[in-house]
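As stored in upload.cif (mmCIF, C-alpha atoms and all ligand atoms):
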```cif
data_my_file
#
loop_
_atom_site.label_atom_id
_atom_site.label_comp_id
_atom_site.auth_asym_id
_atom_site.auth_seq_id
_atom_site.Cartn_x
_atom_site.Cartn_y
_atom_site.Cartn_z
CA MET Y 1 -1.89 15.44 -17.19
CA LEU Y 2 -2.79 13.70 -13.95
CA TYR Y 3 0.69 14.24 -12.47
CA ASN Y 4 3.31 16.93 -12.89
CA ASP Y 5 6.13 14.45 -13.68
CA LEU Y 6 4.36 13.65 -16.97
CA SER Y 7 4.70 15.77 -20.12
CA VAL Y 8 4.56 15.56 -23.90
CA ASN Y 9 7.95 15.99 -25.58
CA GLY Y 10 8.90 17.45 -28.96
CA LYS Y 11 8.35 14.08 -30.66
CA GLY Y 12 4.78 13.94 -29.38
CA HIS Y 13 5.70 11.15 -26.99
CA LEU Y 14 4.81 10.88 -23.35
CA ALA Y 15 7.77 11.77 -21.13
CA ILE Y 16 8.03 10.51 -17.53
CA CYS Y 17 10.35 12.66 -15.41
CA GLY Y 18 11.68 13.97 -18.74
CA CYS Y 19 12.44 10.45 -20.08
CA ASP Y 20 10.79 9.56 -23.39
CA ALA Y 21 8.42 6.61 -22.79
CA GLU Y 22 9.28 5.16 -26.24
CA ASP Y 23 13.00 5.22 -25.34
CA LEU Y 24 12.36 3.57 -21.96
CA ALA Y 25 10.30 0.84 -23.64
CA ALA Y 26 13.02 0.29 -26.23
CA GLU Y 27 15.84 0.16 -23.68
CA PHE Y 28 14.21 -1.88 -20.90
CA GLY Y 29 11.47 -3.77 -22.79
CA THR Y 30 7.76 -4.03 -22.05
CA PRO Y 31 5.73 -4.44 -19.95
CA LEU Y 32 7.77 -2.13 -17.76
CA TYR Y 33 7.03 -0.70 -14.34
CA VAL Y 34 8.40 2.85 -14.10
CA LEU Y 35 8.73 4.50 -10.69
CA ASP Y 36 9.45 8.17 -10.04
CA GLU Y 37 11.77 8.01 -7.01
CA ASP Y 38 11.67 11.77 -6.47
CA MET Y 39 7.90 11.66 -6.16
CA ILE Y 40 8.05 8.79 -3.66
CA ARG Y 41 10.54 10.76 -1.57
CA GLU Y 42 8.33 13.84 -1.70
CA LYS Y 43 5.32 11.82 -0.48
CA CYS Y 44 7.37 10.34 2.38
CA ARG Y 45 8.50 13.81 3.43
CA THR Y 46 4.95 15.11 3.34
CA TYR Y 47 3.88 12.45 5.84
CA VAL Y 48 6.98 12.69 8.03
CA ASP Y 49 6.79 16.49 8.30
CA ALA Y 50 3.04 16.66 8.89
CA MET Y 51 3.07 13.86 11.47
CA HIS Y 52 5.94 15.43 13.38
CA GLU Y 53 4.22 18.79 13.32
CA TYR Y 54 0.74 17.63 14.33
CA PHE Y 55 1.33 14.44 16.33
CA GLY Y 56 4.73 15.22 17.85
CA PRO Y 57 8.35 14.23 17.17
CA ALA Y 58 8.06 10.57 18.30
CA SER Y 59 5.32 9.95 15.73
CA ALA Y 60 6.09 8.50 12.31
CA PRO Y 61 4.56 7.10 9.16
CA LEU Y 62 5.20 3.43 8.37
CA PHE Y 63 5.40 2.54 4.72
CA ALA Y 64 2.93 -0.32 4.11
CA SER Y 65 5.19 -2.88 2.43
CA LYS Y 66 2.20 -4.76 1.05
CA SER Y 67 1.64 -1.99 -1.48
CA LEU Y 68 5.10 -2.39 -3.05
CA CYS Y 69 7.66 -4.78 -1.65
CA PHE Y 70 11.07 -5.13 -3.27
CA LYS Y 71 14.59 -4.53 -2.01
CA GLY Y 72 15.05 -1.16 -3.66
CA ILE Y 73 12.15 0.56 -1.93
CA TYR Y 74 13.50 0.16 1.62
CA PRO Y 75 16.60 2.40 1.40
CA VAL Y 76 14.39 5.10 -0.12
CA VAL Y 77 11.77 5.09 2.61
CA GLU Y 78 14.34 4.63 5.36
CA SER Y 79 16.41 7.61 4.25
CA GLU Y 80 13.23 9.70 4.38
CA GLY Y 81 12.61 8.81 8.04
CA MET Y 82 9.85 6.22 7.59
CA CYS Y 83 9.32 3.02 9.56
CA VAL Y 84 7.66 0.10 7.71
CA ASP Y 85 4.86 -2.35 8.23
CA VAL Y 86 5.36 -5.92 7.08
CA VAL Y 87 2.75 -8.67 6.83
CA SER Y 88 4.79 -11.80 6.27
CA PRO Y 89 8.23 -13.30 6.81
CA GLY Y 90 8.78 -12.75 3.08
CA GLU Y 91 8.36 -9.00 3.52
CA ILE Y 92 10.56 -9.08 6.64
CA PHE Y 93 13.23 -11.03 4.75
CA THR Y 94 13.17 -8.53 1.88
CA ALA Y 95 13.36 -5.51 4.17
CA LEU Y 96 16.20 -7.06 6.20
CA ALA Y 97 18.06 -7.97 3.01
CA ALA Y 98 17.83 -4.31 2.04
CA GLY Y 99 19.38 -3.34 5.39
CA PHE Y 100 16.20 -1.95 6.92
CA PRO Y 101 16.41 -2.08 10.75
CA ALA Y 102 14.11 -4.69 12.31
CA GLU Y 103 13.33 -2.46 15.28
CA LYS Y 104 11.58 -0.04 12.91
CA MET Y 105 9.30 -2.78 11.56
CA PHE Y 106 5.70 -3.44 12.63
CA PHE Y 107 4.66 -7.03 11.94
CA HIS Y 108 1.04 -7.45 10.81
CA GLY Y 109 -0.86 -10.47 9.61
CA THR Y 110 -4.19 -12.00 10.44
CA ASN Y 111 -2.78 -15.53 10.53
CA LYS Y 112 0.82 -15.60 11.63
CA THR Y 113 1.94 -19.21 11.85
CA ASP Y 114 4.10 -20.40 14.76
CA GLU Y 115 7.06 -20.26 12.36
CA ASP Y 116 6.17 -16.70 11.30
CA ILE Y 117 6.03 -15.62 14.93
CA ALA Y 118 9.39 -17.24 15.71
CA TYR Y 119 10.90 -15.63 12.62
CA GLY Y 120 9.61 -12.20 13.64
CA VAL Y 121 10.86 -12.50 17.21
CA ASP Y 122 14.26 -13.85 16.11
CA SER Y 123 14.58 -11.02 13.60
CA GLY Y 124 14.15 -8.46 16.40
CA ILE Y 125 10.92 -6.92 15.06
CA GLY Y 126 10.07 -3.65 16.84
CA TYR Y 127 6.34 -4.23 17.30
CA PHE Y 128 4.06 -7.14 16.58
CA VAL Y 129 0.58 -6.01 15.61
CA VAL Y 130 -1.30 -8.87 17.23
CA ASP Y 131 -4.50 -9.84 15.44
CA ASN Y 132 -6.12 -12.26 17.87
CA GLN Y 133 -5.79 -14.16 21.14
CA ASN Y 134 -4.38 -17.33 19.55
CA GLU Y 135 -1.48 -15.33 18.19
CA LEU Y 136 -1.01 -13.68 21.56
CA ALA Y 137 -0.54 -17.03 23.30
CA VAL Y 138 2.04 -18.29 20.79
CA LEU Y 139 3.89 -14.98 20.82
CA ASP Y 140 4.04 -15.01 24.63
CA ARG Y 141 5.52 -18.53 24.61
CA THR Y 142 7.97 -17.68 21.84
CA ALA Y 143 9.17 -14.55 23.64
CA ALA Y 144 9.50 -16.54 26.90
CA ASP Y 145 11.66 -19.14 25.14
CA ARG Y 146 14.01 -16.39 24.00
CA GLY Y 147 13.95 -14.57 27.32
CA ILE Y 148 12.63 -11.34 25.85
CA ARG Y 149 9.61 -9.10 26.32
CA GLN Y 150 8.01 -8.36 22.93
CA LYS Y 151 6.35 -5.00 22.33
CA VAL Y 152 2.93 -5.30 20.71
CA LEU Y 153 0.00 -3.29 19.46
CA LEU Y 154 -3.39 -4.97 19.69
CA ARG Y 155 -5.37 -4.79 16.46
CA LEU Y 156 -8.89 -3.53 17.14
CA THR Y 157 -11.82 -2.78 14.87
CA CYS Y 158 -13.78 0.37 15.46
CA GLY Y 159 -16.97 -0.60 13.59
CA LEU Y 160 -16.55 2.09 10.93
CA ASP Y 161 -17.58 1.78 7.30
CA PRO Y 162 -15.68 4.26 5.13
CA HIS Y 163 -18.01 3.58 2.16
CA THR Y 164 -15.27 2.12 0.10
CA LEU Y 165 -14.90 -1.06 -1.94
CA GLU Y 166 -15.97 -4.14 0.00
CA ALA Y 167 -12.72 -6.01 -0.59
CA ILE Y 168 -10.54 -3.25 0.85
CA ASN Y 169 -12.80 -2.31 3.73
CA THR Y 170 -11.34 -3.72 6.92
CA GLY Y 171 -12.46 -1.64 9.89
CA ARG Y 172 -16.08 -2.81 10.36
CA VAL Y 173 -17.21 -5.09 13.17
CA ASP Y 174 -17.66 -8.02 10.77
CA SER Y 175 -14.07 -8.30 9.64
CA GLN Y 176 -11.43 -11.03 9.65
CA PHE Y 177 -8.90 -8.45 10.83
CA GLY Y 178 -8.49 -7.66 14.51
CA VAL Y 179 -10.94 -7.78 17.41
CA PRO Y 180 -14.05 -5.59 17.68
CA ILE Y 181 -14.54 -3.01 20.41
CA ASP Y 182 -18.32 -2.93 19.94
CA THR Y 183 -18.95 -6.56 20.88
CA GLY Y 184 -16.90 -6.33 24.08
CA GLN Y 185 -14.33 -8.84 22.76
CA ALA Y 186 -11.59 -6.21 22.76
CA ASP Y 187 -11.84 -6.21 26.58
CA ASP Y 188 -11.01 -9.92 26.71
CA PHE Y 189 -8.18 -9.35 24.24
CA VAL Y 190 -6.67 -6.56 26.37
CA GLN Y 191 -6.97 -8.60 29.56
CA ALA Y 192 -5.41 -11.64 27.90
CA ALA Y 193 -2.52 -9.50 26.65
CA LEU Y 194 -1.96 -7.96 30.05
CA ALA Y 195 -1.78 -11.44 31.55
CA CYS Y 196 1.10 -12.37 29.23
CA GLU Y 197 4.36 -11.94 31.12
CA ASN Y 198 6.50 -11.72 28.03
CA ILE Y 199 4.42 -9.18 26.18
CA GLU Y 200 4.43 -5.44 26.62
CA VAL Y 201 1.21 -3.83 25.39
CA ALA Y 202 2.37 -0.53 23.93
CA GLY Y 203 -0.95 0.37 22.36
CA PHE Y 204 -3.61 -0.22 19.77
CA HIS Y 205 -3.77 -0.56 16.04
CA SER Y 206 -6.76 -0.03 13.81
CA HIS Y 207 -7.11 0.30 10.03
CA VAL Y 208 -10.38 1.55 8.62
CA GLY Y 209 -9.98 0.77 4.92
CA SER Y 210 -8.30 1.85 1.72
CA GLN Y 211 -8.74 4.44 -1.04
CA ILE Y 212 -10.56 6.71 1.43
CA PHE Y 213 -11.21 10.31 0.43
CA GLU Y 214 -13.53 11.50 3.19
CA SER Y 215 -12.19 12.59 6.62
CA ASP Y 216 -14.96 11.41 8.89
CA SER Y 217 -13.83 7.81 9.31
CA PHE Y 218 -10.31 8.80 10.47
CA ASN Y 219 -11.69 11.49 12.77
CA ARG Y 220 -14.19 9.06 14.31
CA GLN Y 221 -11.54 6.34 14.53
CA VAL Y 222 -9.21 8.40 16.73
CA GLU Y 223 -12.14 9.43 18.92
CA ILE Y 224 -13.22 5.80 19.38
CA LEU Y 225 -9.67 4.60 20.09
CA THR Y 226 -9.04 7.43 22.56
CA GLU Y 227 -12.27 6.73 24.40
CA TYR Y 228 -11.34 3.05 24.51
CA ALA Y 229 -7.83 3.87 25.77
CA ALA Y 230 -9.43 5.84 28.61
CA LYS Y 231 -11.68 2.89 29.38
CA VAL Y 232 -8.81 0.38 29.60
CA LYS Y 233 -6.81 2.77 31.74
CA GLU Y 234 -9.68 2.97 34.17
CA ALA Y 235 -10.66 -0.71 34.01
CA TYR Y 236 -7.29 -2.48 33.74
CA GLY Y 237 -4.68 0.18 34.60
CA LEU Y 238 -3.14 0.02 31.12
CA ALA Y 239 -1.69 3.38 30.03
CA VAL Y 240 -1.74 3.16 26.23
CA LYS Y 241 1.37 4.87 24.82
CA VAL Y 242 0.94 4.37 21.12
CA LEU Y 243 -1.88 4.48 18.57
CA ASN Y 244 -1.40 3.22 15.05
CA ILE Y 245 -4.31 4.43 12.95
CA GLY Y 246 -3.51 2.48 9.77
CA GLY Y 247 -3.30 3.57 6.16
CA GLY Y 248 -5.89 4.30 3.59
CA PHE Y 249 -5.75 7.78 2.10
CA GLY Y 250 -6.97 7.66 -1.50
CA VAL Y 251 -5.08 8.51 -4.67
CA ARG Y 252 -6.17 9.82 -8.06
CA TYR Y 253 -6.54 7.00 -10.54
CA THR Y 254 -8.57 9.22 -12.86
CA GLU Y 255 -9.39 12.92 -13.17
CA LYS Y 256 -12.68 12.24 -11.34
CA ASP Y 257 -10.87 11.37 -8.11
CA PRO Y 258 -10.34 14.29 -5.72
CA VAL Y 259 -6.91 15.57 -4.70
CA ILE Y 260 -6.22 14.92 -1.01
CA ASP Y 261 -4.32 17.51 0.99
CA ILE Y 262 -2.46 15.08 3.29
CA PRO Y 263 -1.05 17.65 5.79
CA ALA Y 264 -4.50 19.26 6.09
CA ARG Y 265 -6.08 15.84 6.74
CA ILE Y 266 -3.44 14.94 9.32
CA LYS Y 267 -4.00 18.27 11.03
CA GLU Y 268 -7.74 17.60 11.13
CA VAL Y 269 -7.22 14.12 12.60
CA SER Y 270 -4.86 15.60 15.21
CA GLU Y 271 -7.50 18.15 16.21
CA HIS Y 272 -10.06 15.39 16.77
CA LEU Y 273 -7.44 13.36 18.64
CA ASN Y 274 -6.43 16.25 20.90
CA ALA Y 275 -10.04 17.10 21.69
CA ALA Y 276 -10.74 13.43 22.51
CA CYS Y 277 -7.61 13.20 24.70
CA GLU Y 278 -8.68 16.27 26.62
CA LYS Y 279 -12.23 14.99 27.02
CA HIS Y 280 -11.15 11.56 28.27
CA GLY Y 281 -8.04 12.61 30.22
CA VAL Y 282 -5.48 10.51 28.31
CA SER Y 283 -2.41 11.28 26.20
CA PHE Y 284 -0.24 9.28 23.79
CA GLU Y 285 3.53 9.31 23.28
CA ALA Y 286 3.37 8.57 19.57
CA ILE Y 287 0.91 8.20 16.72
CA PHE Y 288 1.72 6.01 13.73
CA MET Y 289 0.06 5.83 10.33
CA GLU Y 290 0.60 3.20 7.63
CA PRO Y 291 0.28 4.74 4.18
CA GLY Y 292 1.05 2.48 1.24
CA ARG Y 293 -0.93 3.54 -1.79
CA SER Y 294 -0.58 7.28 -1.10
CA ILE Y 295 3.23 6.92 -0.96
CA VAL Y 296 3.86 4.93 -4.14
CA ALA Y 297 0.76 4.70 -6.36
CA ASP Y 298 1.08 8.06 -8.15
CA ALA Y 299 4.78 7.52 -8.74
CA GLY Y 300 4.18 4.42 -10.88
CA THR Y 301 3.41 4.08 -14.58
CA THR Y 302 3.28 0.83 -16.52
CA LEU Y 303 4.36 0.80 -20.15
CA TYR Y 304 3.05 -1.84 -22.55
CA ARG Y 305 3.29 -2.45 -26.29
CA THR Y 306 0.10 -2.62 -28.28
CA GLY Y 307 -0.61 -5.93 -29.95
CA GLY Y 308 -3.90 -6.15 -31.80
CA VAL Y 309 -6.45 -3.43 -32.40
CA LYS Y 310 -9.71 -5.28 -32.97
CA GLU Y 311 -13.03 -3.67 -33.86
CA ILE Y 312 -16.08 -5.84 -33.14
CA LYS Y 313 -18.70 -4.32 -35.41
CA GLY Y 314 -21.68 -2.92 -33.52
CA TYR Y 315 -20.02 -3.64 -30.16
CA ARG Y 316 -16.66 -2.27 -29.20
CA ASN Y 317 -13.00 -1.90 -30.02
CA TYR Y 318 -10.33 -3.88 -28.20
CA VAL Y 319 -6.74 -2.79 -27.83
CA THR Y 320 -4.62 -5.66 -26.52
CA VAL Y 321 -1.35 -5.13 -24.70
CA ASP Y 322 1.58 -7.40 -23.82
CA GLY Y 323 0.72 -7.56 -20.11
CA GLY Y 324 -2.52 -7.19 -18.15
CA MET Y 325 -3.92 -9.01 -15.12
CA THR Y 326 -0.59 -10.72 -14.49
CA ASP Y 327 1.17 -7.41 -13.76
CA ASN Y 328 -1.97 -5.49 -12.68
CA PRO Y 329 -4.84 -7.62 -11.35
CA ARG Y 330 -6.74 -4.67 -9.89
CA PHE Y 331 -9.36 -4.41 -12.65
CA ALA Y 332 -10.00 -8.15 -12.44
CA LEU Y 333 -10.25 -7.97 -8.63
CA TYR Y 334 -12.05 -4.70 -8.00
CA LYS Y 335 -12.99 -3.24 -11.41
CA SER Y 336 -10.53 -0.46 -10.56
CA GLU Y 337 -10.39 2.43 -12.99
CA TYR Y 338 -7.15 3.69 -14.53
CA THR Y 339 -6.02 6.53 -16.75
CA VAL Y 340 -4.57 5.15 -19.98
CA LEU Y 341 -2.63 7.09 -22.62
CA ASN Y 342 -1.14 6.26 -25.97
CA ALA Y 343 2.43 7.26 -25.07
CA SER Y 344 3.54 7.08 -28.70
CA ARG Y 345 0.91 9.63 -29.76
CA ALA Y 346 0.56 11.73 -26.63
CA ASP Y 347 -0.08 14.86 -28.69
CA ALA Y 348 -2.91 13.33 -30.76
CA PRO Y 349 -6.58 13.66 -29.74
CA ALA Y 350 -7.72 10.92 -27.36
CA ASP Y 351 -10.80 10.09 -29.42
CA TYR Y 352 -10.65 6.33 -29.99
CA GLU Y 353 -13.10 4.54 -27.73
CA CYS Y 354 -11.82 1.16 -26.69
CA THR Y 355 -11.35 -1.43 -23.99
CA VAL Y 356 -7.75 -2.24 -23.15
CA ALA Y 357 -7.36 -5.98 -22.64
CA GLY Y 358 -4.43 -8.06 -21.47
CA ARG Y 359 -2.75 -11.07 -22.99
CA CYS Y 360 -4.18 -13.84 -20.80
CA CYS Y 361 -6.78 -16.41 -21.82
CA GLU Y 362 -9.27 -14.92 -19.39
CA SER Y 363 -12.19 -12.67 -20.32
CA GLY Y 364 -11.67 -10.69 -17.09
CA ASP Y 365 -8.14 -9.75 -18.17
CA ARG Y 366 -8.68 -6.06 -18.71
CA ILE Y 367 -6.87 -2.90 -17.75
CA ALA Y 368 -9.65 -0.43 -18.53
CA GLU Y 369 -13.07 -0.58 -20.14
CA ASN Y 370 -14.68 1.93 -22.49
CA ILE Y 371 -12.01 4.59 -22.36
CA SER Y 372 -10.74 7.00 -25.03
CA ILE Y 373 -7.12 7.13 -26.17
CA ALA Y 374 -5.35 8.27 -29.35
CA LYS Y 375 -5.95 5.41 -31.81
CA PRO Y 376 -3.00 3.02 -31.48
CA GLU Y 377 -1.29 0.83 -34.05
CA ARG Y 378 0.47 -2.41 -33.29
CA GLY Y 379 3.76 -1.54 -31.58
CA ASP Y 380 2.60 1.73 -29.99
CA VAL Y 381 3.54 2.20 -26.35
CA ILE Y 382 0.54 2.38 -24.01
CA ALA Y 383 0.99 4.00 -20.59
CA VAL Y 384 -1.20 3.15 -17.61
CA LEU Y 385 -0.85 5.69 -14.81
CA THR Y 386 -0.97 5.31 -11.00
CA THR Y 387 0.32 1.74 -10.97
CA GLY Y 388 2.95 2.12 -8.22
CA ALA Y 389 0.85 0.40 -5.53
CA TYR Y 390 -0.66 -3.09 -5.51
CA ASN Y 391 0.56 -3.89 -9.03
CA TYR Y 392 4.05 -5.43 -8.80
CA ALA Y 393 3.11 -6.56 -5.28
CA MET Y 394 0.10 -8.49 -6.66
CA ALA Y 395 1.68 -9.72 -9.88
CA SER Y 396 1.42 -13.38 -10.83
CA ASN Y 397 2.72 -15.82 -13.43
CA TYR Y 398 -0.73 -16.83 -14.64
CA ASN Y 399 -0.49 -18.22 -18.18
CA ARG Y 400 3.24 -18.52 -17.47
CA VAL Y 401 3.75 -14.82 -18.13
CA PRO Y 402 7.04 -13.60 -16.59
CA LYS Y 403 6.89 -10.63 -14.22
CA PRO Y 404 7.97 -7.35 -15.84
CA ALA Y 405 11.13 -5.41 -15.11
CA MET Y 406 11.00 -2.28 -12.97
CA ILE Y 407 13.02 0.92 -13.27
CA MET Y 408 13.30 3.87 -10.91
CA ILE Y 409 13.95 7.36 -12.20
CA LYS Y 410 15.88 9.71 -9.95
CA GLU Y 411 16.59 13.27 -11.07
CA GLY Y 412 15.87 12.31 -14.67
CA THR Y 413 18.13 9.22 -14.73
CA PRO Y 414 16.51 5.77 -15.02
CA ARG Y 415 18.03 2.68 -13.43
CA LEU Y 416 16.98 -0.94 -13.46
CA VAL Y 417 15.80 -2.03 -9.98
CA ILE Y 418 14.09 -5.34 -10.82
CA ARG Y 419 15.25 -7.53 -13.71
CA ARG Y 420 12.62 -8.96 -16.03
CA GLU Y 421 11.79 -12.51 -15.01
CA SER Y 422 12.98 -15.17 -17.46
CA TYR Y 423 11.19 -18.38 -18.40
CA ALA Y 424 13.90 -20.26 -16.50
CA ASP Y 425 13.23 -18.11 -13.39
CA MET Y 426 9.63 -19.31 -13.45
CA MET Y 427 10.78 -22.94 -13.46
CA LYS Y 428 13.56 -22.65 -10.92
CA ASN Y 429 11.74 -24.53 -8.14
CA GLU Y 430 10.35 -27.26 -10.34
CA LEU Y 431 12.02 -30.65 -9.97
C1 LIG B 501 -3.38 -2.87 8.16
C2 LIG B 501 -3.11 -2.07 6.96
N1 LIG B 501 -2.29 -1.01 7.05
C3 LIG B 501 -1.99 -0.26 5.99
C4 LIG B 501 -2.54 -0.53 4.74
C5 LIG B 501 -2.16 0.35 3.60
O1 LIG B 501 -3.29 0.98 3.07
P1 LIG B 501 -3.13 1.98 1.86
O2 LIG B 501 -2.21 1.36 0.88
O3 LIG B 501 -4.50 2.14 1.35
O4 LIG B 501 -2.56 3.25 2.42
C6 LIG B 501 -3.42 -1.61 4.60
C7 LIG B 501 -4.02 -1.92 3.30
O5 LIG B 501 -4.79 -2.78 3.09
C8 LIG B 501 -3.71 -2.41 5.74
O6 LIG B 501 -4.52 -3.46 5.65
#
```
For the file at hand, write its structure as structure tokens.
Ligand SMILES: Cc1ncc(COP(=O)(O)O)c(C=O)c1O
Amino acid sequence: MLYNDLSVNGKGHLAICGCDAEDLAAEFGTPLYVLDEDMIREKCRTYVDAMHEYFGPASAPLFASKSLCFKGIYPVVESEGMCVDVVSPGEIFTALAAGFPAEKMFFHGTNKTDEDIAYGVDSGIGYFVVDNQNELAVLDRTAADRGIRQKVLLRLTCGLDPHTLEAINTGRVDSQFGVPIDTGQADDFVQAALACENIEVAGFHSHVGSQIFESDSFNRQVEILTEYAAKVKEAYGLAVKVLNIGGGFGVRYTEKDPVIDIPARIKEVSEHLNAACEKHGVSFEAIFMEPGRSIVADAGTTLYRTGGVKEIKGYRNYVTVDGGMTDNPRFALYKSEYTVLNASRADAPADYECTVAGRCCESGDRIAENISIAKPERGDVIAVLTTGAYNYAMASNYNRVPKPAMIMIKEGTPRLVIRRESYADMMKNEL
């Protein structure tokens, strides 16, 4: 099995944290998002411990809310010592409603509206991650109006291509996120920020991309940022205190994907950082990282019920499930691969070649193409692994499909954390 919280029980069913997948589907309905809380906590601890050890005690991981935002996640990550990043007032609102302290939030977003900026400042956000000079000007005015000095990180791009999927590759020069160092525009950005009386430039942010398995891009990124920090110290007298090097470590969607040793990678990045600091004569008070996927993806499994099993002679077999692109649009968006199991026949040979399709009237509504699972019958429970990140967060009501319920399992006990949406819920704003 891909993860050690999965097993096959005496009935031949898939068990998640010891809970029979058939029983979970019967009790909570399908589609159902299942999250292993213990695994999420373990991932948080891995980051917190490694970052303290290699980057120093003021350093911390921020959970990237965009990967999975709902009230119940915030007490979990907070109690494990994480800060969070947020990209919209909606994420701020959710985190605040869960009692997460605003001063431990980092507010991202490539287009923060004037209202967004005011909302962030009024909420007492710890750091704004400023994307561009327009935002800087509005933030400066907003902070002045409130008589405060807002701490910010300036979002820079380092010109790195981590050879990942185009749509989740954000660190190159040609990017809508941040300001490039290579073109010299970062210099104008820094100078503009330093001229803002109501803004305190604490440091820089940069995010290279997502689902990254190789080390080179992170190692190069800290070298580039350190060299740039030395340059701005020399040129503009700005002593950069903080670097936020983004998220992006990859996870195993299928057996083909490598296992990443997170502490070893963090150690390696810290070695490159320390060498660069020594070379350029600078030091930082704290380093932040923003893992999303590598905190929650592995901990998630989605359970569906099989509808039709259709064999198109001479072509392929289709297994349709009662969810699909509405609860997991990642295949439709990126052709992302997943590991799929027949949870009702987890002990049977996985020898039925099929494509798992969703319920929407959309030919792109697929979960996985040309995979092998134990041949299902209508009513069998299908499990799709590694769905903890960018699934619920990206879910939609296309075809008027309600969003699924979510449960969290802690020490073998499941609890409902998000109720299944009703048809009435989907109409609640319609006049
Ligand atoms: C700025 C920023 N930080 C953090 C993340 C989280 O990345 P991941 O979930 O791959 O760790 C992203 C993802 O797109 C991002 O854009």
Please build the interface table for chain Y against ligand LIG 501 (chain B) with a cut-off of 6 Å, listing for each qualifying residue the nearest atom pair and the distance in Å to one decimal; count all atoms listed in the file, order rows by chain and increasing number, and write it as JSON lines.
```
{"residue": "Y:Ala64", "atom": "CA", "partner": "B:LIG501", "partner_atom": "C5", "distance": 5.2}
{"residue": "Y:Ser67", "atom": "CA", "partner": "B:LIG501", "partner_atom": "O2", "distance": 5.6}
{"residue": "Y:His207", "atom": "CA", "partner": "B:LIG501", "partner_atom": "C1", "distance": 5.2}
{"residue": "Y:Ser210", "atom": "CA", "partner": "B:LIG501", "partner_atom": "O3", "distance": 3.8}
{"residue": "Y:Gln211", "atom": "CA", "partner": "B:LIG501", "partner_atom": "O3", "distance": 5.4}
{"residue": "Y:Gly246", "atom": "CA", "partner": "B:LIG501", "partner_atom": "N1", "distance": 4.6}
{"residue": "Y:Gly247", "atom": "CA", "partner": "B:LIG501", "partner_atom": "O4", "distance": 3.8}
{"residue": "Y:Gly248", "atom": "CA", "partner": "B:LIG501", "partner_atom": "O3", "distance": 3.4}
{"residue": "Y:Phe249", "atom": "CA", "partner": "B:LIG501", "partner_atom": "O4", "distance": 5.5}
{"residue": "Y:Glu290", "atom": "CA", "partner": "B:LIG501", "partner_atom": "C3", "distance": 4.6}
{"residue": "Y:Pro291", "atom": "CA", "partner": "B:LIG501", "partner_atom": "O4", "distance": 3.7}
{"residue": "Y:Gly292", "atom": "CA", "partner": "B:LIG501", "partner_atom": "O2", "distance": 3.5}
{"residue": "Y:Arg293", "atom": "CA", "partner": "B:LIG501", "partner_atom": "O2", "distance": 3.7}
{"residue": "Y:Ser294", "atom": "CA", "partner": "B:LIG501", "partner_atom": "O4", "distance": 5.7}
```
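Nearest to Thr142 (chain Y) of all the residues Y:Asn4, Y:Asn429, Y:Asn198, Y:Ser422 is Y:Asn198, counting all atoms listed in the file.
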What's around Ala346 (chain Y) at 8 Å? Count all atoms listed in the file, leave out sequence neighbours fewer than 4 positions away in its own chain, and write the answer as a list in words. Val8, Gly12, His13, Leu14, Leu341, Asn342 and Ala374 of chain Y
Contacts of Leu273 (chain Y) at 9 Å or less, counting all atoms listed in the file, minus same-chain residues fewer than 4 places along, as number ranges by chain? Y: 219, 222-223, 226, 268-269, 277-278
Using only C-alpha atoms, what residues lie at most 6 Å away from (7.7, 6.4, -10.0) (file coordinates), given as a ChimeraX atom specification? /Y:34-37,299-300
Of Y:Gly364, Y:Gly281, Y:Gly307, Y:Gly10, the one nearest to Tyr334 (chain Y) when counting all atoms listed in the file is Y:Gly364
Using all atoms listed in the file, the residue out of Y:Val232, Y:Leu160, Y:Leu2, Y:Val417 with shortest distance to Ala405 (chain Y) is Y:Val417
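You will find CA of His52 (chain Y) at 27.0 Å from CA of Gly109 (chain Y).
Take the candidates Y:Asn274, Y:Gln133, Y:Ser79, Y:Ser123 and check each one against Leu96 (chain Y) using only C-alpha atoms; the shortest distance goes to Y:Ser123.
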* Is there a way to get, as a PyMOL selection string, all residues within 10 Å of the point (15.2, -11.5, 14.3) in file coordinates, counting only C-alpha atoms? -> chain Y and resi 92-93+96+102-103+118-126
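Across the model, the gap from CA of Ile224 (chain Y) to CA of Thr157 (chain Y) is 9.8 Å.
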Report as an MDAnalysis selection string all protein, DNA and RNA residues lying within 9 Å of region 45-49 of chain Y, evaluated on all atoms listed in the file, omitting residues in the same chain fewer than 4 positions from it.
chainID Y and resid 40:41 53:54 59:61 80:82 262:263 266 289 291 295
Could you pull region 133-137 of chain Y out of the structure I just pasted and write it to a file containing N, CA and C atoms, as a short mmCIF file (atom, residue, chain, number, x, y, z; two decimals), in the first residue's frame?
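Written out: result-v1.cif:
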```cif
data_model
loop_
_atom_site.label_atom_id
_atom_site.label_comp_id
_atom_site.auth_asym_id
_atom_site.auth_seq_id
_atom_site.Cartn_x
_atom_site.Cartn_y
_atom_site.Cartn_z
N GLN Y 133 4.14 46.59 -7.02
CA GLN Y 133 4.22 47.97 -6.52
C GLN Y 133 2.86 48.62 -6.32
N ASN Y 134 1.86 48.22 -7.13
CA ASN Y 134 0.52 48.80 -6.94
C ASN Y 134 -0.01 48.45 -5.57
N GLU Y 135 0.19 47.19 -5.21
CA GLU Y 135 -0.28 46.73 -3.89
C GLU Y 135 0.44 47.49 -2.77
N LEU Y 136 1.74 47.69 -3.00
CA LEU Y 136 2.56 48.38 -2.00
C LEU Y 136 1.98 49.76 -1.68
N ALA Y 137 1.61 50.48 -2.74
CA ALA Y 137 1.11 51.85 -2.56
C ALA Y 137 -0.20 51.85 -1.76
#
```
